[in-house]
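model.json (JSON, C-alpha atoms) appears below.
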[["chain", "number", "residue", "atom", "x", "y", "z"],
["M", 1, "MET", "CA", 147.93, 118.58, 113.81],
["M", 2, "LEU", "CA", 145.16, 119.27, 116.31],
["M", 3, "THR", "CA", 145.81, 118.63, 119.98],
["M", 4, "GLU", "CA", 143.22, 117.98, 122.69],
["M", 5, "PHE", "CA", 143.00, 121.66, 123.59],
["M", 6, "SER", "CA", 143.15, 123.09, 120.06],
["M", 7, "LEU", "CA", 140.37, 120.64, 119.14],
["M", 8, "ILE", "CA", 138.18, 122.14, 121.86],
["M", 9, "ASP", "CA", 139.03, 125.70, 120.84],
["M", 10, "LYS", "CA", 138.29, 125.05, 117.16],
["M", 11, "PHE", "CA", 135.05, 123.13, 117.37],
["M", 12, "PHE", "CA", 133.41, 123.68, 120.75],
["M", 13, "LYS", "CA", 134.55, 126.87, 122.49],
["M", 14, "LYS", "CA", 132.42, 130.01, 122.30],
["M", 15, "GLU", "CA", 133.52, 133.37, 123.66],
["M", 16, "THR", "CA", 130.06, 134.40, 124.85],
["M", 17, "GLN", "CA", 127.59, 132.54, 127.06],
["M", 18, "GLN", "CA", 123.82, 132.55, 126.60],
["M", 19, "ASN", "CA", 122.81, 132.51, 130.28],
["M", 20, "SER", "CA", 123.62, 134.99, 133.04],
["M", 21, "GLU", "CA", 123.94, 132.03, 135.43],
["M", 22, "THR", "CA", 127.02, 130.86, 133.51],
["M", 23, "ARG", "CA", 129.81, 132.76, 135.26],
["M", 24, "LEU", "CA", 132.76, 130.82, 133.83],
["M", 25, "GLY", "CA", 132.77, 128.30, 131.00],
["M", 26, "ILE", "CA", 135.44, 126.44, 129.05],
["M", 27, "GLY", "CA", 139.05, 127.29, 129.80],
["M", 28, "ASP", "CA", 139.59, 126.72, 133.51],
["M", 29, "ASP", "CA", 139.79, 123.71, 135.82],
["M", 30, "CYS", "CA", 136.08, 124.00, 136.55],
["M", 31, "ALA", "CA", 133.12, 125.90, 135.23],
["M", 32, "LEU", "CA", 131.19, 128.21, 137.53],
["M", 33, "LEU", "CA", 127.40, 128.45, 137.64],
["M", 34, "ALA", "CA", 125.26, 130.71, 139.80],
["M", 35, "ILE", "CA", 122.03, 129.22, 141.15],
["M", 36, "PRO", "CA", 119.20, 131.80, 141.31],
["M", 37, "ASN", "CA", 117.34, 132.15, 144.58],
["M", 38, "GLY", "CA", 114.36, 129.81, 144.76],
["M", 39, "TYR", "CA", 115.73, 127.28, 142.26],
["M", 40, "GLU", "CA", 117.31, 123.85, 142.35],
["M", 41, "LEU", "CA", 119.69, 122.23, 139.89],
["M", 42, "ALA", "CA", 118.50, 119.24, 137.86],
["M", 43, "ILE", "CA", 121.48, 117.20, 136.61],
["M", 44, "THR", "CA", 121.52, 114.22, 134.24],
["M", 45, "THR", "CA", 124.12, 112.26, 132.27],
["M", 46, "ASP", "CA", 123.79, 110.06, 129.18],
["M", 47, "THR", "CA", 126.46, 108.12, 127.31],
["M", 48, "MET", "CA", 126.25, 106.88, 123.72],
["M", 49, "VAL", "CA", 128.61, 104.13, 122.54],
["M", 50, "GLU", "CA", 129.27, 103.23, 118.91],
["M", 51, "ASN", "CA", 127.52, 99.99, 117.83],
["M", 52, "VAL", "CA", 125.44, 100.04, 121.04],
["M", 53, "HIS", "CA", 123.50, 103.32, 120.81],
["M", 54, "PHE", "CA", 124.31, 104.28, 117.23],
["M", 55, "PHE", "CA", 125.52, 102.65, 114.04],
["M", 56, "ALA", "CA", 129.10, 103.12, 112.85],
["M", 57, "ASP", "CA", 127.84, 104.93, 109.74],
["M", 58, "ALA", "CA", 125.74, 107.44, 111.72],
["M", 59, "ASN", "CA", 125.60, 110.95, 110.30],
["M", 60, "PRO", "CA", 127.72, 113.02, 112.74],
["M", 61, "ILE", "CA", 125.39, 116.04, 112.51],
["M", 62, "GLN", "CA", 122.47, 113.86, 113.57],
["M", 63, "LEU", "CA", 124.64, 112.18, 116.19],
["M", 64, "GLY", "CA", 125.55, 115.49, 117.80],
["M", 65, "HIS", "CA", 121.89, 116.49, 117.80],
["M", 66, "LYS", "CA", 120.72, 113.21, 119.32],
["M", 67, "LEU", "CA", 123.41, 113.15, 122.03],
["M", 68, "LEU", "CA", 122.18, 116.49, 123.33],
["M", 69, "ALA", "CA", 118.49, 115.76, 122.71],
["M", 70, "VAL", "CA", 118.44, 112.64, 124.89],
["M", 71, "ASN", "CA", 119.86, 114.64, 127.79],
["M", 72, "LEU", "CA", 117.49, 117.56, 127.30],
["M", 73, "SER", "CA", 114.65, 115.04, 127.27],
["M", 74, "ASP", "CA", 115.61, 114.03, 130.81],
["M", 75, "LEU", "CA", 115.46, 117.67, 131.89],
["M", 76, "ALA", "CA", 112.05, 118.02, 130.20],
["M", 77, "ALA", "CA", 110.77, 115.03, 132.18],
["M", 78, "MET", "CA", 111.70, 116.86, 135.40],
["M", 79, "GLY", "CA", 110.15, 120.16, 134.32],
["M", 80, "ALA", "CA", 113.61, 121.76, 134.27],
["M", 81, "LYS", "CA", 114.75, 124.63, 132.05],
["M", 82, "PRO", "CA", 118.03, 123.71, 130.31],
["M", 83, "LEU", "CA", 121.03, 125.77, 131.39],
["M", 84, "ALA", "CA", 124.37, 124.17, 130.53],
["M", 85, "ILE", "CA", 126.15, 120.97, 129.49],
["M", 86, "THR", "CA", 129.53, 119.34, 129.74],
["M", 87, "LEU", "CA", 130.80, 117.11, 126.95],
["M", 88, "ALA", "CA", 133.17, 114.15, 127.19],
["M", 89, "LEU", "CA", 134.47, 112.70, 123.92],
["M", 90, "THR", "CA", 136.44, 109.48, 123.55],
["M", 91, "LEU", "CA", 137.72, 109.40, 119.97],
["M", 92, "PRO", "CA", 139.68, 106.70, 118.13],
["M", 93, "ARG", "CA", 141.41, 109.47, 116.13],
["M", 94, "ILE", "CA", 141.03, 113.15, 115.30],
["M", 95, "ASP", "CA", 138.83, 113.52, 112.22],
["M", 96, "GLU", "CA", 138.27, 117.23, 111.59],
["M", 97, "HIS", "CA", 135.43, 116.66, 109.10],
["M", 98, "TRP", "CA", 133.60, 114.44, 111.59],
["M", 99, "LEU", "CA", 134.20, 116.84, 114.49],
["M", 100, "SER", "CA", 132.98, 119.82, 112.47],
["M", 101, "ALA", "CA", 129.72, 118.06, 111.58],
["M", 102, "PHE", "CA", 129.23, 116.60, 115.08],
["M", 103, "SER", "CA", 129.75, 119.97, 116.78],
["M", 104, "GLN", "CA", 127.36, 121.59, 114.30],
["M", 105, "GLY", "CA", 124.57, 119.18, 115.24],
["M", 106, "LEU", "CA", 125.17, 119.54, 118.96],
["M", 107, "LEU", "CA", 125.65, 123.31, 119.09],
["M", 108, "THR", "CA", 122.71, 124.08, 116.79],
["M", 109, "LEU", "CA", 120.34, 122.33, 119.18],
["M", 110, "ALA", "CA", 122.13, 123.91, 122.16],
["M", 111, "GLN", "CA", 121.56, 127.36, 120.70],
["M", 112, "ARG", "CA", 117.87, 126.60, 120.15],
["M", 113, "TYR", "CA", 117.40, 126.05, 123.89],
["M", 114, "ASN", "CA", 119.98, 128.61, 125.11],
["M", 115, "VAL", "CA", 122.27, 125.91, 126.47],
["M", 116, "ASP", "CA", 125.88, 126.78, 127.29],
["M", 117, "LEU", "CA", 128.68, 124.26, 126.73],
["M", 118, "ILE", "CA", 130.81, 124.91, 129.82],
["M", 119, "GLY", "CA", 133.43, 122.15, 129.83],
["M", 120, "GLY", "CA", 134.22, 118.47, 129.47],
["M", 121, "ASP", "CA", 137.04, 116.16, 128.45],
["M", 122, "THR", "CA", 138.57, 114.49, 125.40],
["M", 123, "THR", "CA", 140.41, 111.16, 125.40],
["M", 124, "LYS", "CA", 141.54, 108.53, 122.90],
["M", 125, "GLY", "CA", 139.73, 105.20, 122.61],
["M", 126, "ALA", "CA", 136.63, 103.54, 121.17],
["M", 127, "LEU", "CA", 134.09, 106.16, 120.06],
["M", 128, "THR", "CA", 132.09, 107.06, 123.16],
["M", 129, "LEU", "CA", 130.08, 110.26, 123.66],
["M", 130, "THR", "CA", 128.87, 111.59, 127.01],
["M", 131, "VAL", "CA", 126.90, 114.70, 127.91],
["M", 132, "GLN", "CA", 126.04, 115.91, 131.39],
["M", 133, "ALA", "CA", 123.13, 118.35, 131.26],
["M", 134, "ILE", "CA", 122.21, 120.87, 133.95],
["M", 135, "GLY", "CA", 118.86, 122.58, 134.30],
["M", 136, "LEU", "CA", 116.96, 124.85, 136.67],
["M", 137, "VAL", "CA", 113.64, 124.10, 138.32],
["M", 138, "PRO", "CA", 111.80, 126.12, 140.99],
["M", 139, "ASN", "CA", 112.06, 124.69, 144.48],
["M", 140, "LYS", "CA", 109.63, 121.82, 145.09],
["M", 141, "GLN", "CA", 108.26, 121.95, 141.51],
["M", 142, "ALA", "CA", 110.41, 119.23, 139.95],
["M", 143, "LEU", "CA", 108.40, 116.46, 138.29],
["M", 144, "LYS", "CA", 109.20, 113.04, 139.75],
["M", 145, "ARG", "CA", 108.43, 109.39, 139.09],
["M", 146, "SER", "CA", 107.30, 108.59, 142.63],
["M", 147, "THR", "CA", 104.19, 110.74, 142.99],
["M", 148, "ALA", "CA", 101.50, 109.22, 140.75],
["M", 149, "GLN", "CA", 98.15, 108.65, 142.48],
["M", 150, "VAL", "CA", 95.36, 106.14, 141.95],
["M", 151, "GLY", "CA", 92.82, 107.61, 139.53],
["M", 152, "ASP", "CA", 95.32, 109.79, 137.69],
["M", 153, "ILE", "CA", 95.02, 109.83, 133.91],
["M", 154, "ILE", "CA", 98.07, 108.70, 131.95],
["M", 155, "TYR", "CA", 99.08, 110.92, 129.04],
["M", 156, "MET", "CA", 101.88, 111.03, 126.53],
["M", 157, "THR", "CA", 103.17, 113.63, 124.09],
["M", 158, "GLY", "CA", 103.52, 113.13, 120.35],
["M", 159, "LEU", "CA", 103.41, 109.77, 118.59],
["M", 160, "LEU", "CA", 104.57, 106.36, 119.76],
["M", 161, "GLY", "CA", 106.78, 103.87, 117.95],
["M", 162, "ASP", "CA", 108.11, 105.94, 115.05],
["M", 163, "ALA", "CA", 111.69, 105.79, 116.32],
["M", 164, "GLY", "CA", 111.31, 102.05, 116.81],
["M", 165, "LEU", "CA", 110.18, 101.77, 113.21],
["M", 166, "GLY", "CA", 113.17, 103.86, 112.17],
["M", 167, "LEU", "CA", 115.45, 101.36, 113.90],
["M", 168, "LYS", "CA", 113.68, 98.49, 112.13],
["M", 169, "ILE", "CA", 114.34, 100.24, 108.80],
["M", 170, "LYS", "CA", 118.03, 100.63, 109.66],
["M", 171, "GLN", "CA", 118.10, 96.92, 110.46],
["M", 172, "GLY", "CA", 116.66, 96.01, 107.06],
["M", 173, "TYR", "CA", 112.87, 96.29, 107.29],
["M", 174, "GLU", "CA", 111.57, 97.56, 103.96],
["M", 175, "CYS", "CA", 109.70, 100.81, 104.46],
["M", 176, "GLN", "CA", 110.08, 104.24, 102.89],
["M", 177, "SER", "CA", 109.18, 106.28, 105.97],
["M", 178, "LYS", "CA", 111.48, 109.31, 106.10],
["M", 179, "ASN", "CA", 109.62, 110.48, 109.19],
["M", 180, "ALA", "CA", 110.42, 107.28, 111.10],
["M", 181, "LEU", "CA", 114.11, 107.61, 110.24],
["M", 182, "MET", "CA", 114.08, 111.26, 111.28],
["M", 183, "ARG", "CA", 112.45, 110.41, 114.60],
["M", 184, "PHE", "CA", 115.13, 107.77, 115.20],
["M", 185, "HIS", "CA", 118.07, 109.97, 114.24],
["M", 186, "GLU", "CA", 116.91, 113.40, 115.39],
["M", 187, "PRO", "CA", 114.42, 113.26, 118.28],
["M", 188, "MET", "CA", 113.17, 116.58, 119.63],
["M", 189, "PRO", "CA", 113.12, 117.04, 123.41],
["M", 190, "ARG", "CA", 109.75, 118.18, 124.74],
["M", 191, "ILE", "CA", 111.18, 121.05, 126.78],
["M", 192, "GLU", "CA", 108.23, 123.43, 126.40],
["M", 193, "ILE", "CA", 105.69, 120.80, 127.44],
["M", 194, "GLY", "CA", 107.85, 119.73, 130.37],
["M", 195, "LEU", "CA", 107.87, 123.32, 131.65],
["M", 196, "ALA", "CA", 104.11, 123.58, 131.14],
["M", 197, "LEU", "CA", 103.54, 120.43, 133.22],
["M", 198, "ARG", "CA", 104.86, 121.99, 136.43],
["M", 199, "ASN", "CA", 102.00, 122.06, 138.95],
["M", 200, "VAL", "CA", 99.89, 119.98, 136.53],
["M", 201, "ALA", "CA", 101.45, 116.52, 136.25],
["M", 202, "SER", "CA", 101.66, 114.34, 139.33],
["M", 203, "ALA", "CA", 104.50, 112.23, 137.86],
["M", 204, "CYS", "CA", 106.52, 112.19, 134.66],
["M", 205, "VAL", "CA", 109.15, 110.19, 132.78],
["M", 206, "ASP", "CA", 110.65, 110.41, 129.31],
["M", 207, "ILE", "CA", 110.17, 107.50, 126.92],
["M", 208, "SER", "CA", 113.73, 106.47, 126.15],
["M", 209, "ASP", "CA", 113.64, 102.68, 126.64],
["M", 210, "GLY", "CA", 110.03, 102.06, 125.57],
["M", 211, "LEU", "CA", 106.67, 103.20, 126.95],
["M", 212, "VAL", "CA", 106.11, 100.03, 129.00],
["M", 213, "GLY", "CA", 109.60, 100.01, 130.48],
["M", 214, "ASP", "CA", 109.60, 103.69, 131.38],
["M", 215, "LEU", "CA", 106.02, 103.78, 132.67],
["M", 216, "SER", "CA", 106.96, 100.84, 134.90],
["M", 217, "HIS", "CA", 109.42, 103.15, 136.70],
["M", 218, "ILE", "CA", 106.51, 105.41, 137.66],
["M", 219, "LEU", "CA", 104.40, 102.45, 138.76],
["M", 220, "LYS", "CA", 107.15, 100.91, 140.87],
["M", 221, "GLN", "CA", 108.29, 104.12, 142.52],
["M", 222, "SER", "CA", 104.73, 105.32, 143.13],
["M", 223, "ASN", "CA", 103.60, 101.88, 144.37],
["M", 224, "VAL", "CA", 100.64, 101.76, 141.96],
["M", 225, "GLY", "CA", 99.51, 99.89, 138.87],
["M", 226, "ALA", "CA", 98.03, 100.95, 135.54],
["M", 227, "CYS", "CA", 95.87, 99.99, 132.61],
["M", 228, "LEU", "CA", 96.78, 101.20, 129.13],
["M", 229, "ASP", "CA", 94.21, 101.44, 126.34],
["M", 230, "PHE", "CA", 95.93, 100.12, 123.20],
["M", 231, "ASP", "CA", 93.25, 101.56, 120.95],
["M", 232, "LYS", "CA", 94.02, 105.08, 122.22],
["M", 233, "LEU", "CA", 97.78, 104.95, 121.63],
["M", 234, "PRO", "CA", 98.82, 107.75, 119.23],
["M", 235, "LEU", "CA", 100.31, 105.81, 116.31],
["M", 236, "SER", "CA", 101.35, 107.17, 112.92],
["M", 237, "ASP", "CA", 100.02, 105.63, 109.72],
["M", 238, "ASP", "CA", 103.46, 104.12, 109.09],
["M", 239, "VAL", "CA", 103.49, 102.37, 112.46],
["M", 240, "LYS", "CA", 99.94, 101.12, 111.92],
["M", 241, "LYS", "CA", 100.96, 99.71, 108.54],
["M", 242, "TYR", "CA", 103.97, 98.02, 110.16],
["M", 243, "ILE", "CA", 101.69, 96.34, 112.71],
["M", 244, "GLU", "CA", 99.25, 95.22, 110.02],
["M", 245, "LYS", "CA", 102.06, 93.79, 107.89],
["M", 246, "THR", "CA", 104.08, 92.06, 110.63],
["M", 247, "GLY", "CA", 101.54, 91.37, 113.38],
["M", 248, "ASP", "CA", 104.04, 92.91, 115.82],
["M", 249, "LYS", "CA", 101.46, 94.91, 117.75],
["M", 250, "PHE", "CA", 103.69, 95.34, 120.79],
["M", 251, "MET", "CA", 106.56, 97.07, 118.98],
["M", 252, "PRO", "CA", 105.34, 100.61, 119.80],
["M", 253, "LEU", "CA", 105.03, 99.67, 123.47],
["M", 254, "ILE", "CA", 108.54, 98.31, 123.94],
["M", 255, "ALA", "CA", 110.67, 100.11, 121.32],
["M", 256, "GLY", "CA", 112.93, 102.86, 122.60],
["M", 257, "ASP", "CA", 114.24, 106.20, 121.34],
["M", 258, "ASP", "CA", 110.90, 108.03, 121.07],
["M", 259, "TYR", "CA", 111.91, 110.62, 123.72],
["M", 260, "GLU", "CA", 108.33, 111.66, 124.25],
["M", 261, "LEU", "CA", 107.02, 112.38, 127.74],
["M", 262, "CYS", "CA", 104.70, 110.02, 129.64],
["M", 263, "PHE", "CA", 102.99, 111.68, 132.57],
["M", 264, "THR", "CA", 100.08, 111.35, 134.97],
["M", 265, "VAL", "CA", 97.53, 114.02, 135.81],
["M", 266, "PRO", "CA", 94.74, 114.18, 138.41],
["M", 267, "PRO", "CA", 91.35, 114.31, 136.63],
["M", 268, "LYS", "CA", 90.62, 117.75, 138.12],
["M", 269, "LEU", "CA", 93.64, 119.17, 136.27],
["M", 270, "ALA", "CA", 93.01, 117.46, 132.94],
["M", 271, "HIS", "CA", 91.85, 120.76, 131.42],
["M", 272, "ARG", "CA", 95.36, 122.14, 131.93],
["M", 273, "VAL", "CA", 97.12, 119.44, 129.92],
["M", 274, "PRO", "CA", 98.91, 121.01, 126.90],
["M", 275, "GLU", "CA", 97.66, 120.37, 123.39],
["M", 276, "ASN", "CA", 99.13, 117.51, 121.35],
["M", 277, "CYS", "CA", 99.01, 115.18, 124.34],
["M", 278, "THR", "CA", 96.93, 112.00, 124.35],
["M", 279, "ALA", "CA", 95.22, 110.22, 127.26],
["M", 280, "ILE", "CA", 96.27, 106.57, 127.01],
["M", 281, "GLY", "CA", 95.32, 104.96, 130.32],
["M", 282, "ILE", "CA", 94.69, 105.28, 134.04],
["M", 283, "ILE", "CA", 96.59, 104.69, 137.25],
["M", 284, "GLU", "CA", 95.08, 101.89, 139.35],
["M", 285, "LYS", "CA", 95.56, 100.54, 142.87],
["M", 286, "GLU", "CA", 96.33, 96.98, 141.77],
["M", 287, "SER", "CA", 100.06, 96.63, 141.05],
["M", 288, "GLY", "CA", 101.32, 95.65, 137.61],
["M", 289, "LEU", "CA", 100.48, 96.80, 134.11],
["M", 290, "ARG", "CA", 97.41, 95.76, 132.16],
["M", 291, "LEU", "CA", 96.62, 96.31, 128.50],
["M", 292, "LYS", "CA", 93.11, 96.90, 127.19],
["M", 293, "LYS", "CA", 92.58, 96.09, 123.52],
["M", 294, "SER", "CA", 89.21, 95.88, 121.80],
["M", 295, "GLY", "CA", 87.50, 95.68, 125.18],
["M", 296, "HIS", "CA", 89.65, 92.78, 126.41],
["M", 297, "ILE", "CA", 92.07, 93.35, 129.32],
["M", 298, "GLU", "CA", 95.21, 91.27, 129.77],
["M", 299, "THR", "CA", 98.29, 91.49, 131.97],
["M", 300, "PHE", "CA", 101.29, 92.88, 130.12],
["M", 301, "THR", "CA", 104.68, 91.53, 131.14],
["M", 302, "ALA", "CA", 107.04, 92.54, 128.30],
["M", 303, "LYS", "CA", 109.75, 95.02, 129.21],
["M", 304, "GLY", "CA", 111.56, 97.86, 127.48],
["M", 305, "TYR", "CA", 115.22, 97.95, 126.53],
["M", 306, "GLU", "CA", 117.76, 97.04, 129.23],
["M", 307, "HIS", "CA", 121.53, 97.13, 128.65],
["M", 308, "PHE", "CA", 122.40, 94.10, 130.75],
["M", 309, "SER", "CA", 119.36, 91.91, 130.14]]
Could you write out this file's structure as structure tokens?
Amino acid sequence: MLTEFSLIDKFFKKETQQNSETRLGIGDDCALLAIPNGYELAITTDTMVENVHFFADANPIQLGHKLLAVNLSDLAAMGAKPLAITLALTLPRIDEHWLSAFSQGLLTLAQRYNVDLIGGDTTKGALTLTVQAIGLVPNKQALKRSTAQVGDIIYMTGLLGDAGLGLKIKQGYECQSKNALMRFHEPMPRIEIGLALRNVASACVDISDGLVGDLSHILKQSNVGACLDFDKLPLSDDVKKYIEKTGDKFMPLIAGDDYELCFTVPPKLAHRVPENCTAIGIIEKESGLRLKKSGHIETFTAKGYEHFS
């Protein structure tokens, strides 16, 4: 029977590290990382709880992927290069088949971005998964939420609302969109774009709890307002069909799990914005968020997902 430590050795421990900054990984009381001259550490933590963040029947390969992806998305939003992670698992029991699949999903994505798994913890209890991710960013180049300026253009990467549609499908909405389900189960962190936005974006946030909710963090911390152009939002055909069928036009604005980047850029730097990004609005002096649709502007008060609301 597997023990806590044999579980780690079998499914998560690797003998070689992918980064020279990783001096000591799994196997000691602490891991050791070297910080290169001229860099700062960016550190983030996300927890996923069964029946809160994922369904009980979730595919463990996809679950391992998503757990890491949501953390890497935070690093992308700061313009940080991923370096290493720690993993804390609370398991109701040891299920070797589940652990093998889960570790496959997590470590495959980790290898894609040269991320070292350097430590963590395992305990017994209700299924709860936590990753702490560590990245590197050059001194004074980290992207923040508090530095948007009036007149900046608001951009976002990718498409909006597909993950929200995927959740609707899981909850019973009849739609055959494999893409929406994939976006819900296996989001891809926008690491490369986050790195490219250093010295271009004035502020940035990842869209984890809905565009409106996450953009509001930038507005509040930068002490500005904004107007979004609904007609410019990058929506897939499946999301457009969902809106036409249900009349739920605000779903893409408030649904979470997209893990795209929303960022602001001074007009003079707009030519440096990476491809596959869409201008969706503008930062304004007047506080609050407004929505422009078919030429009509209205105040938008709906919020994104909040755990304790």
Residues within 12 Å of range 107-110 of chain M, please, as a PDB file with C-alpha atoms, in the coordinates of the input. Count only C-alpha atoms; anything in the same chain fewer than 6 positions from it doesn't count.
ATOM      1  CA  PHE M  11     135.050 123.130 117.370  1.00  0.00           C
ATOM      2  CA  PHE M  12     133.410 123.680 120.750  1.00  0.00           C
ATOM      3  CA  LYS M  13     134.550 126.870 122.490  1.00  0.00           C
ATOM      4  CA  LYS M  14     132.420 130.010 122.300  1.00  0.00           C
ATOM      5  CA  GLN M  17     127.590 132.540 127.060  1.00  0.00           C
ATOM      6  CA  GLN M  18     123.820 132.550 126.600  1.00  0.00           C
ATOM      7  CA  ASN M  19     122.810 132.510 130.280  1.00  0.00           C
ATOM      8  CA  ILE M  61     125.390 116.040 112.510  1.00  0.00           C
ATOM      9  CA  GLN M  62     122.470 113.860 113.570  1.00  0.00           C
ATOM     10  CA  LEU M  63     124.640 112.180 116.190  1.00  0.00           C
ATOM     11  CA  GLY M  64     125.550 115.490 117.800  1.00  0.00           C
ATOM     12  CA  HIS M  65     121.890 116.490 117.800  1.00  0.00           C
ATOM     13  CA  LYS M  66     120.720 113.210 119.320  1.00  0.00           C
ATOM     14  CA  LEU M  67     123.410 113.150 122.030  1.00  0.00           C
ATOM     15  CA  LEU M  68     122.180 116.490 123.330  1.00  0.00           C
ATOM     16  CA  ALA M  69     118.490 115.760 122.710  1.00  0.00           C
ATOM     17  CA  VAL M  70     118.440 112.640 124.890  1.00  0.00           C
ATOM     18  CA  ASN M  71     119.860 114.640 127.790  1.00  0.00           C
ATOM     19  CA  LEU M  72     117.490 117.560 127.300  1.00  0.00           C
ATOM     20  CA  PRO M  82     118.030 123.710 130.310  1.00  0.00           C
ATOM     21  CA  LEU M  83     121.030 125.770 131.390  1.00  0.00           C
ATOM     22  CA  ALA M  84     124.370 124.170 130.530  1.00  0.00           C
ATOM     23  CA  ILE M  85     126.150 120.970 129.490  1.00  0.00           C
ATOM     24  CA  THR M  86     129.530 119.340 129.740  1.00  0.00           C
ATOM     25  CA  LEU M  87     130.800 117.110 126.950  1.00  0.00           C
ATOM     26  CA  LEU M  99     134.200 116.840 114.490  1.00  0.00           C
ATOM     27  CA  SER M 100     132.980 119.820 112.470  1.00  0.00           C
ATOM     28  CA  ALA M 101     129.720 118.060 111.580  1.00  0.00           C
ATOM     29  CA  ASP M 116     125.880 126.780 127.290  1.00  0.00           C
ATOM     30  CA  LEU M 117     128.680 124.260 126.730  1.00  0.00           C
ATOM     31  CA  ILE M 118     130.810 124.910 129.820  1.00  0.00           C
ATOM     32  CA  VAL M 131     126.900 114.700 127.910  1.00  0.00           C
ATOM     33  CA  ALA M 133     123.130 118.350 131.260  1.00  0.00           C
ATOM     34  CA  GLU M 186     116.910 113.400 115.390  1.00  0.00           C
ATOM     35  CA  PRO M 187     114.420 113.260 118.280  1.00  0.00           C
ATOM     36  CA  MET M 188     113.170 116.580 119.630  1.00  0.00           C
ATOM     37  CA  PRO M 189     113.120 117.040 123.410  1.00  0.00           C
ATOM     38  CA  ILE M 191     111.180 121.050 126.780  1.00  0.00           C
TER      39      ILE M 191
END
Option closest in space to His53 in chain M, from M:Ala80, M:Cys204, M:Ile154, M:Leu167 [counting all atoms listed in the file]: M:Leu167
Proximity to Val115 in chain M - best of M:Gly27, M:Gly135, M:Gly281, M:Gly194, only C-alpha atoms: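 Comparing M:Gly27, M:Gly135, M:Gly281, M:Gly194 against Val115 in chain M, the winner is M:Gly135.
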Pick from M:Ile94, M:Met182, M:Leu41, M:Val205, whichever lies nearest to Asn59 in chain M using only C-alpha atoms: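 Comparing M:Ile94, M:Met182, M:Leu41, M:Val205 against Asn59 in chain M, the winner is M:Met182.
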d(CA of Tyr242 in chain M, CA of Asn51 in chain M) in Å: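 Those two atoms sit 24.8 Å apart.
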Distance of CA of Asn37 in chain M from CA of Asn139 in chain M, expressed in Å to one decimal place: 9.1 Å
Contacts of Lys241 in chain M at 12 Å (all atoms listed in the file; same-chain gap of 4+ positions) as a PyMOL selection string: chain M and resi 161-162+165+174-177+235-237+245-249
Coordinates-based distance that separates CA of Lys144 in chain M from CA of Met78 in chain M (Å, one decimal):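 Interatomic distance, CA of Met78 in chain M to CA of Lys144 in chain M: 6.3 Å.
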Long-range neighbours of Val273 in chain M as JSON, numbers by chain, 9 Å cut-off, all atoms listed in the file, 4 positions minimum in chain: {"M": [155, 196, 197, 200, 201, 265, 269, 277]}
Pick from M:Arg290, M:Lys10, M:Lys124, M:His296 nearest to Val224 in chain M, counting all atoms listed in the file: M:Arg290
